[in-house]
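Shown here: run.cif, mmCIF, C-alpha atoms.
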data_data
#
loop_
_atom_site.label_atom_id
_atom_site.label_comp_id
_atom_site.auth_asym_id
_atom_site.auth_seq_id
_atom_site.Cartn_x
_atom_site.Cartn_y
_atom_site.Cartn_z
CA MET F 288 -14.86 -13.72 24.04
CA ALA F 289 -11.11 -13.91 23.55
CA ASP F 290 -8.77 -11.40 25.16
CA PHE F 291 -6.25 -11.55 22.33
CA LEU F 292 -5.66 -13.45 19.12
CA ARG F 293 -2.46 -14.84 17.68
CA PHE F 294 -1.72 -15.06 13.97
CA SER F 295 1.12 -16.40 11.87
CA TYR F 296 3.00 -14.18 9.43
CA SER F 297 1.86 -14.78 5.87
CA GLU F 298 4.41 -15.98 3.36
CA THR F 299 4.16 -14.12 0.08
CA ARG F 300 6.23 -13.84 -3.08
CA GLY F 301 7.84 -10.58 -4.13
CA SER F 302 8.01 -9.32 -7.70
CA SER F 303 11.39 -10.98 -8.16
CA GLY F 304 10.23 -14.26 -6.69
CA GLU F 305 11.78 -13.65 -3.31
CA THR F 306 10.00 -14.88 -0.18
CA LEU F 307 8.46 -12.20 2.03
CA PHE F 308 6.80 -12.54 5.41
CA ARG F 309 4.09 -10.05 6.32
CA PRO F 310 1.69 -9.51 9.22
CA ILE F 311 -1.55 -9.93 7.28
CA LEU F 312 -4.74 -9.95 9.30
CA PRO F 313 -8.03 -11.54 8.15
CA VAL F 314 -10.97 -9.31 9.05
CA ILE F 315 -14.62 -8.73 8.29
CA LEU F 316 -15.41 -5.15 7.32
CA THR F 317 -18.99 -3.89 7.49
CA HIS F 318 -20.46 -0.67 6.15
CA ARG F 319 -24.19 0.02 6.32
CA GLY F 320 -24.87 -3.67 6.84
CA THR F 321 -22.77 -4.93 3.96
CA PRO F 322 -20.05 -7.36 5.15
CA TYR F 323 -16.81 -7.83 3.27
CA THR F 324 -14.10 -10.37 4.07
CA ALA F 325 -10.65 -8.90 3.58
CA HIS F 326 -6.99 -9.25 4.48
CA ALA F 327 -5.11 -6.23 5.76
CA ILE F 328 -1.41 -5.55 6.19
CA ILE F 329 -0.72 -4.23 9.67
CA ASP F 330 1.54 -1.28 8.95
CA SER F 331 2.82 0.47 12.05
CA GLY F 332 4.55 3.07 9.87
CA ALA F 333 1.34 4.18 8.17
CA ASP F 334 -0.25 7.29 9.65
CA VAL F 335 -3.72 6.20 8.57
CA ASN F 336 -5.74 3.17 7.54
CA VAL F 337 -5.99 2.85 3.76
CA LEU F 338 -9.00 1.38 1.98
CA PRO F 339 -8.54 0.44 -1.70
CA TYR F 340 -11.25 1.79 -3.97
CA PRO F 341 -12.73 -1.61 -4.98
CA ILE F 342 -13.20 -2.71 -1.38
CA GLY F 343 -14.98 0.53 -0.57
CA ILE F 344 -17.32 -0.03 -3.50
CA GLY F 345 -17.80 -3.66 -2.43
CA LEU F 346 -18.86 -2.38 0.97
CA GLY F 347 -21.49 -0.18 -0.64
CA GLY F 348 -19.57 3.02 0.03
CA ASN F 349 -20.64 6.15 -1.81
CA TRP F 350 -17.57 7.85 -3.23
CA GLU F 351 -19.44 11.03 -4.06
CA GLN F 352 -20.69 11.45 -0.50
CA ALA F 353 -17.45 10.50 1.22
CA ARG F 354 -15.50 13.17 3.11
CA THR F 355 -13.10 15.04 0.84
CA GLY F 356 -9.86 16.84 1.58
CA LEU F 357 -7.56 13.94 2.45
CA THR F 358 -4.04 14.01 1.05
CA LEU F 359 -1.80 10.97 1.28
CA SER F 360 1.93 10.55 0.77
CA GLY F 361 4.10 8.06 -1.08
CA ASN F 362 2.67 6.45 -4.21
CA LEU F 363 -0.81 7.15 -2.87
CA ALA F 364 -0.20 10.88 -3.30
CA ASN F 365 -1.03 10.36 -6.97
CA TYR F 366 -4.59 9.37 -6.16
CA GLU F 367 -7.51 11.24 -4.64
CA ALA F 368 -8.50 10.01 -1.19
CA ARG F 369 -11.67 10.47 0.84
CA GLY F 370 -12.73 9.55 4.34
CA ILE F 371 -15.07 6.71 5.26
CA LEU F 372 -16.04 4.99 8.51
CA VAL F 373 -16.21 1.18 8.51
CA ASN F 374 -16.85 -1.40 11.22
CA CYS F 375 -14.15 -4.01 11.60
CA THR F 376 -14.28 -7.41 13.27
CA VAL F 377 -11.14 -9.41 14.04
CA GLY F 378 -12.01 -12.98 14.96
CA ASP F 379 -14.20 -12.91 18.03
CA LEU F 380 -12.76 -9.69 19.43
CA PRO F 381 -15.28 -6.87 19.91
CA SER F 382 -16.04 -5.00 16.69
CA VAL F 383 -14.60 -1.51 16.35
CA GLN F 384 -15.18 1.43 14.09
CA LEU F 385 -12.25 2.29 11.85
CA ALA F 386 -11.76 5.47 9.86
CA PHE F 387 -10.16 4.91 6.47
CA ALA F 388 -8.49 7.02 3.87
CA TRP F 389 -10.43 5.62 0.93
CA THR F 390 -8.10 5.92 -2.01
CA ARG F 391 -9.16 6.04 -5.65
CA ALA F 392 -6.26 3.66 -6.34
CA GLU F 393 -7.34 0.14 -7.15
CA HIS F 394 -4.24 -2.04 -6.98
CA VAL F 395 -3.11 -1.20 -3.48
CA PRO F 396 -3.17 -3.26 -0.29
CA LEU F 397 -5.63 -2.75 2.51
CA LEU F 398 -3.55 -1.12 5.26
CA PHE F 399 -4.14 -0.79 8.98
CA GLY F 400 -2.23 2.21 10.35
CA GLN F 401 -1.90 4.41 13.39
CA VAL F 402 -5.25 6.20 12.89
CA ASN F 403 -7.04 4.44 14.03
CA PHE F 404 -6.33 0.69 14.00
CA PHE F 405 -3.46 1.07 16.45
CA MET F 406 -5.69 3.18 18.68
CA GLU F 407 -8.19 0.33 18.93
CA PHE F 408 -5.83 -2.62 19.16
CA ASP F 409 -2.54 -3.37 20.82
CA VAL F 410 -0.34 -5.31 18.45
CA CYS F 411 2.72 -7.32 19.39
CA PHE F 412 5.03 -8.45 16.63
CA PHE F 413 7.15 -11.54 17.15
CA ARG F 414 8.82 -11.57 13.76
CA ALA F 415 11.62 -13.91 14.89
CA ARG F 416 8.91 -16.45 15.66
CA SER F 417 6.82 -15.51 12.59
CA MET F 418 3.73 -14.56 14.56
CA PHE F 419 1.91 -11.53 15.92
CA GLU F 420 -0.79 -10.91 18.50
CA ILE F 421 -3.80 -8.61 18.48
CA ARG F 422 -5.33 -7.40 21.72
CA SER F 423 -8.50 -5.33 21.90
CA ARG F 424 -8.22 -1.99 23.70
CA SER F 425 -11.45 -2.71 25.51
CA MET I 911 35.92 9.07 -24.14
CA LEU I 912 36.22 7.44 -27.54
CA SER I 913 39.65 6.21 -28.45
CA ASP I 914 41.19 7.45 -31.69
CA VAL I 915 41.18 3.91 -33.00
CA LEU I 916 37.46 3.44 -32.36
CA ARG I 917 36.61 6.86 -33.78
CA HIS I 918 38.65 6.08 -36.88
CA GLU I 919 36.89 2.74 -37.32
CA LEU I 920 33.45 4.34 -36.92
CA GLU I 921 34.23 7.01 -39.47
CA LYS I 922 35.10 4.32 -42.00
CA LEU I 923 31.59 2.84 -41.79
CA ASN I 924 29.10 3.60 -44.51
CA ARG I 925 25.77 5.28 -43.76
CA VAL I 926 23.84 2.05 -43.22
CA GLU I 927 26.48 0.61 -40.90
CA LYS I 928 26.55 3.82 -38.85
CA LEU I 929 22.78 3.63 -38.43
CA GLN I 930 23.12 0.02 -37.34
CA VAL I 931 25.65 1.02 -34.70
CA VAL I 932 23.35 3.79 -33.44
CA GLN I 933 20.42 1.38 -33.29
CA MET I 934 22.48 -1.20 -31.43
CA LEU I 935 23.59 1.34 -28.84
CA VAL I 936 20.07 2.73 -28.35
CA THR I 937 18.70 -0.79 -27.83
CA GLN I 938 21.45 -1.59 -25.37
CA LEU I 939 20.88 1.63 -23.40
CA ALA I 940 17.11 1.05 -23.29
CA ARG I 941 17.68 -2.45 -21.93
CA GLU I 942 20.01 -1.15 -19.24
CA GLU I 943 17.51 1.59 -18.34
CA GLU I 944 14.80 -1.04 -17.94
CA LEU I 945 17.03 -2.93 -15.54
CA LEU I 946 17.56 0.25 -13.55
CA THR I 947 13.87 1.11 -13.30
CA ALA I 948 13.07 -2.49 -12.31
CA GLY I 949 14.93 -1.74 -9.10
CA GLU I 950 12.44 0.93 -8.08
CA TYR I 951 9.92 -0.11 -5.47
CA GLU I 952 6.45 1.15 -4.77
CA VAL I 953 5.84 2.61 -1.34
CA TRP I 954 2.15 2.51 -0.55
CA SER I 955 2.50 3.19 3.13
CA PRO I 956 1.41 6.80 3.90
CA TYR I 957 4.19 7.88 6.26
CA GLU I 958 3.66 11.64 6.18
CA SER I 959 -0.10 12.01 6.24
CA ALA I 960 -0.76 13.94 9.42
CA GLY I 961 -3.42 16.07 7.72
CA ALA I 962 -5.37 13.02 6.60
CA ALA I 963 -5.03 11.53 10.08
CA ALA I 964 -6.49 14.71 11.59
CA ILE I 965 -9.50 14.59 9.26
CA LEU I 966 -10.15 10.93 10.10
CA MET I 967 -9.94 11.69 13.81
CA GLN I 968 -12.44 14.49 13.32
CA MET I 969 -14.81 12.11 11.47
CA LEU I 970 -14.62 9.63 14.35
CA GLU I 971 -15.31 12.36 16.89
CA GLU I 972 -18.27 13.70 14.89
CA ASP I 973 -19.69 10.19 14.62
CA ARG I 974 -19.19 9.65 18.35
CA GLN I 975 -21.09 12.83 19.15
CA THR I 976 -23.88 11.95 16.73
CA ASN I 977 -24.32 8.28 17.55
CA GLY I 978 -22.92 8.14 21.06
#

What would the structure in this file look like if it were written as structure tokens?
Amino acid sequence: MADFLRFSYSETRGSSGETLFRPILPVILTHRGTPYTAHAIIDSGADVNVLPYPIGIGLGGNWEQARTGLTLSGNLANYEARGILVNCTVGDLPSVQLAFAWTRAEHVPLLFGQVNFFMEFDVCFFRARSMFEIRSRS
Amino acid sequence: MLSDVLRHELEKLNRVEKLQVVQMLVTQLAREEELLTAGEYEVWSPYESAGAAAILMQMLEEDRQTNG
């Protein structure tokens, strides 16, 4: 099993056609046995992980039974959010359990934030070289 | 501020022409406003969500106690 994994920054296009480079991580999310392949933006400024509503539904999540009471900031403040626990696998690193703020918003990115992605993984950004590394805490 | 010359010229317009001027200005202002709003950017990252973070931490702890 690998100790760490290295990824290239993803090149994307902004709304004005400008080129953007982002640390986007391919992962497999699993909830109650349902796997879901997704790509998450690693966002060290985000206090929490954010799960878009459609991905939560795709994972078989039950919105009605999800933990209530979460309030998010920024644009996400306009949408109700609930808590959900999801298993996450990055490459062949050991799987971890992530807690997500599951937002009712649909057109938002999957975000990995401080709670608790950054508690499970050490991340090194090498933006000048357009790459980043993920190291499992364990 | 409108110059006396411009004000004088506008006052000479008939009713239809005045309405056309108003419509032209409204269209122009709406276009400029659109350009201004196009410069606004969405911020999805939850920077100030300590309360939500605390709830998620509590969920993880509860799950740890339940499932080991």

Restricting the calculation to all atoms listed in the file: of F:Pro381, F:Gly320, F:Gly347, F:Gly332, which residue gets closest to chain I?
F:Gly332

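Counting from CA of Leu357 in chain F, the distance to CA of Arg369 in chain F is 5.6 Å.
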
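CA of Arg424 in chain F is found 5.3 Å from CA of Glu407 in chain F.
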
Take the PyMOL selection byres ((chain I) within 12 of (chain F)), apply it to the structure above, and return the hits as JSON, numbers by chain.
{"I": [948, 949, 950, 951, 952, 953, 954, 955, 956, 957, 958, 959, 960, 961, 962, 963, 964, 965, 966, 967, 968, 969, 970, 971, 972, 973, 974, 977]}

Matched chain/residue IDs from the PyMOL selection byres ((chain F and resi 322) around 10), as number ranges by chain
F: 315-321, 323-325, 345-347, 373-376

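Separating CA of Glu921 in chain I from CA of Glu943 in chain I is a distance of 27.5 Å.
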
With only C-alpha atoms as the counted atoms, please give the residues lying no more than 12 Å from Ser425 in chain F, apart from itself and same-chain residues fewer than 5 positions off, as an MDAnalysis selection string.
chainID F and resid 288:291 380:383 406:409

Can you give me, as a PyMOL selection string, the residues this file yields under the PyMOL selection byres ((chain F and resi 414) around 9)?
chain F and resi 296+308-310+412-413+415-419

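The nearest approach to Gly343 in chain F among the residues F:Ala392, F:Val410, F:Ile311, F:Ile421, with only C-alpha atoms taken into account, belongs to F:Ala392.
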
Kindly output range 948-967 of chain I as a PDB file, keeping the file's coordinate frame, after building N, CA and C atoms.
ATOM      1  N   ALA I 948      13.636  -1.314 -12.968  1.00  0.00           N
ATOM      2  CA  ALA I 948      13.070  -2.490 -12.310  1.00  0.00           C
ATOM      3  C   ALA I 948      13.478  -2.546 -10.845  1.00  0.00           C
ATOM      4  N   GLY I 949      14.499  -1.764 -10.486  1.00  0.00           N
ATOM      5  CA  GLY I 949      14.930  -1.740  -9.100  1.00  0.00           C
ATOM      6  C   GLY I 949      14.183  -0.736  -8.247  1.00  0.00           C
ATOM      7  N   GLU I 950      13.221  -0.023  -8.845  1.00  0.00           N
ATOM      8  CA  GLU I 950      12.440   0.930  -8.080  1.00  0.00           C
ATOM      9  C   GLU I 950      11.262   0.225  -7.423  1.00  0.00           C
ATOM     10  N   TYR I 951      10.963   0.597  -6.198  1.00  0.00           N
ATOM     11  CA  TYR I 951       9.920  -0.110  -5.470  1.00  0.00           C
ATOM     12  C   TYR I 951       8.800   0.842  -5.076  1.00  0.00           C
ATOM     13  N   GLU I 952       7.604   0.341  -5.133  1.00  0.00           N
ATOM     14  CA  GLU I 952       6.450   1.150  -4.770  1.00  0.00           C
ATOM     15  C   GLU I 952       6.342   1.228  -3.255  1.00  0.00           C
ATOM     16  N   VAL I 953       6.033   2.411  -2.779  1.00  0.00           N
ATOM     17  CA  VAL I 953       5.840   2.610  -1.340  1.00  0.00           C
ATOM     18  C   VAL I 953       4.406   3.082  -1.136  1.00  0.00           C
ATOM     19  N   TRP I 954       3.557   2.161  -0.728  1.00  0.00           N
ATOM     20  CA  TRP I 954       2.150   2.510  -0.550  1.00  0.00           C
ATOM     21  C   TRP I 954       1.881   3.073   0.825  1.00  0.00           C
ATOM     22  N   SER I 955       2.754   2.786   1.759  1.00  0.00           N
ATOM     23  CA  SER I 955       2.500   3.190   3.130  1.00  0.00           C
ATOM     24  C   SER I 955       2.517   4.717   3.264  1.00  0.00           C
ATOM     25  N   PRO I 956       1.434   5.342   3.733  1.00  0.00           N
ATOM     26  CA  PRO I 956       1.410   6.800   3.900  1.00  0.00           C
ATOM     27  C   PRO I 956       2.104   7.217   5.183  1.00  0.00           C
ATOM     28  N   TYR I 957       3.393   7.560   5.082  1.00  0.00           N
ATOM     29  CA  TYR I 957       4.190   7.880   6.260  1.00  0.00           C
ATOM     30  C   TYR I 957       3.991   9.313   6.756  1.00  0.00           C
ATOM     31  N   GLU I 958       3.744  10.224   5.820  1.00  0.00           N
ATOM     32  CA  GLU I 958       3.660  11.640   6.180  1.00  0.00           C
ATOM     33  C   GLU I 958       2.262  12.150   5.862  1.00  0.00           C
ATOM     34  N   SER I 959       1.282  11.661   6.553  1.00  0.00           N
ATOM     35  CA  SER I 959      -0.100  12.010   6.240  1.00  0.00           C
ATOM     36  C   SER I 959      -0.823  12.503   7.491  1.00  0.00           C
ATOM     37  N   ALA I 960      -0.179  13.430   8.184  1.00  0.00           N
ATOM     38  CA  ALA I 960      -0.760  13.940   9.420  1.00  0.00           C
ATOM     39  C   ALA I 960      -2.088  14.658   9.163  1.00  0.00           C
ATOM     40  N   GLY I 961      -2.180  15.371   8.045  1.00  0.00           N
ATOM     41  CA  GLY I 961      -3.420  16.070   7.720  1.00  0.00           C
ATOM     42  C   GLY I 961      -4.578  15.110   7.534  1.00  0.00           C
ATOM     43  N   ALA I 962      -4.326  14.033   6.806  1.00  0.00           N
ATOM     44  CA  ALA I 962      -5.370  13.020   6.600  1.00  0.00           C
ATOM     45  C   ALA I 962      -5.748  12.374   7.920  1.00  0.00           C
ATOM     46  N   ALA I 963      -4.750  12.134   8.764  1.00  0.00           N
ATOM     47  CA  ALA I 963      -5.030  11.530  10.080  1.00  0.00           C
ATOM     48  C   ALA I 963      -5.928  12.445  10.901  1.00  0.00           C
ATOM     49  N   ALA I 964      -5.682  13.752  10.830  1.00  0.00           N
ATOM     50  CA  ALA I 964      -6.490  14.710  11.590  1.00  0.00           C
ATOM     51  C   ALA I 964      -7.947  14.703  11.107  1.00  0.00           C
ATOM     52  N   ILE I 965      -8.132  14.621   9.811  1.00  0.00           N
ATOM     53  CA  ILE I 965      -9.500  14.590   9.260  1.00  0.00           C
ATOM     54  C   ILE I 965     -10.221  13.318   9.703  1.00  0.00           C
ATOM     55  N   LEU I 966      -9.524  12.188   9.681  1.00  0.00           N
ATOM     56  CA  LEU I 966     -10.150  10.930  10.100  1.00  0.00           C
ATOM     57  C   LEU I 966     -10.509  10.971  11.586  1.00  0.00           C
ATOM     58  N   MET I 967      -9.631  11.560  12.387  1.00  0.00           N
ATOM     59  CA  MET I 967      -9.940  11.690  13.810  1.00  0.00           C
ATOM     60  C   MET I 967     -11.174  12.563  14.025  1.00  0.00           C
TER      61      MET I 967
END
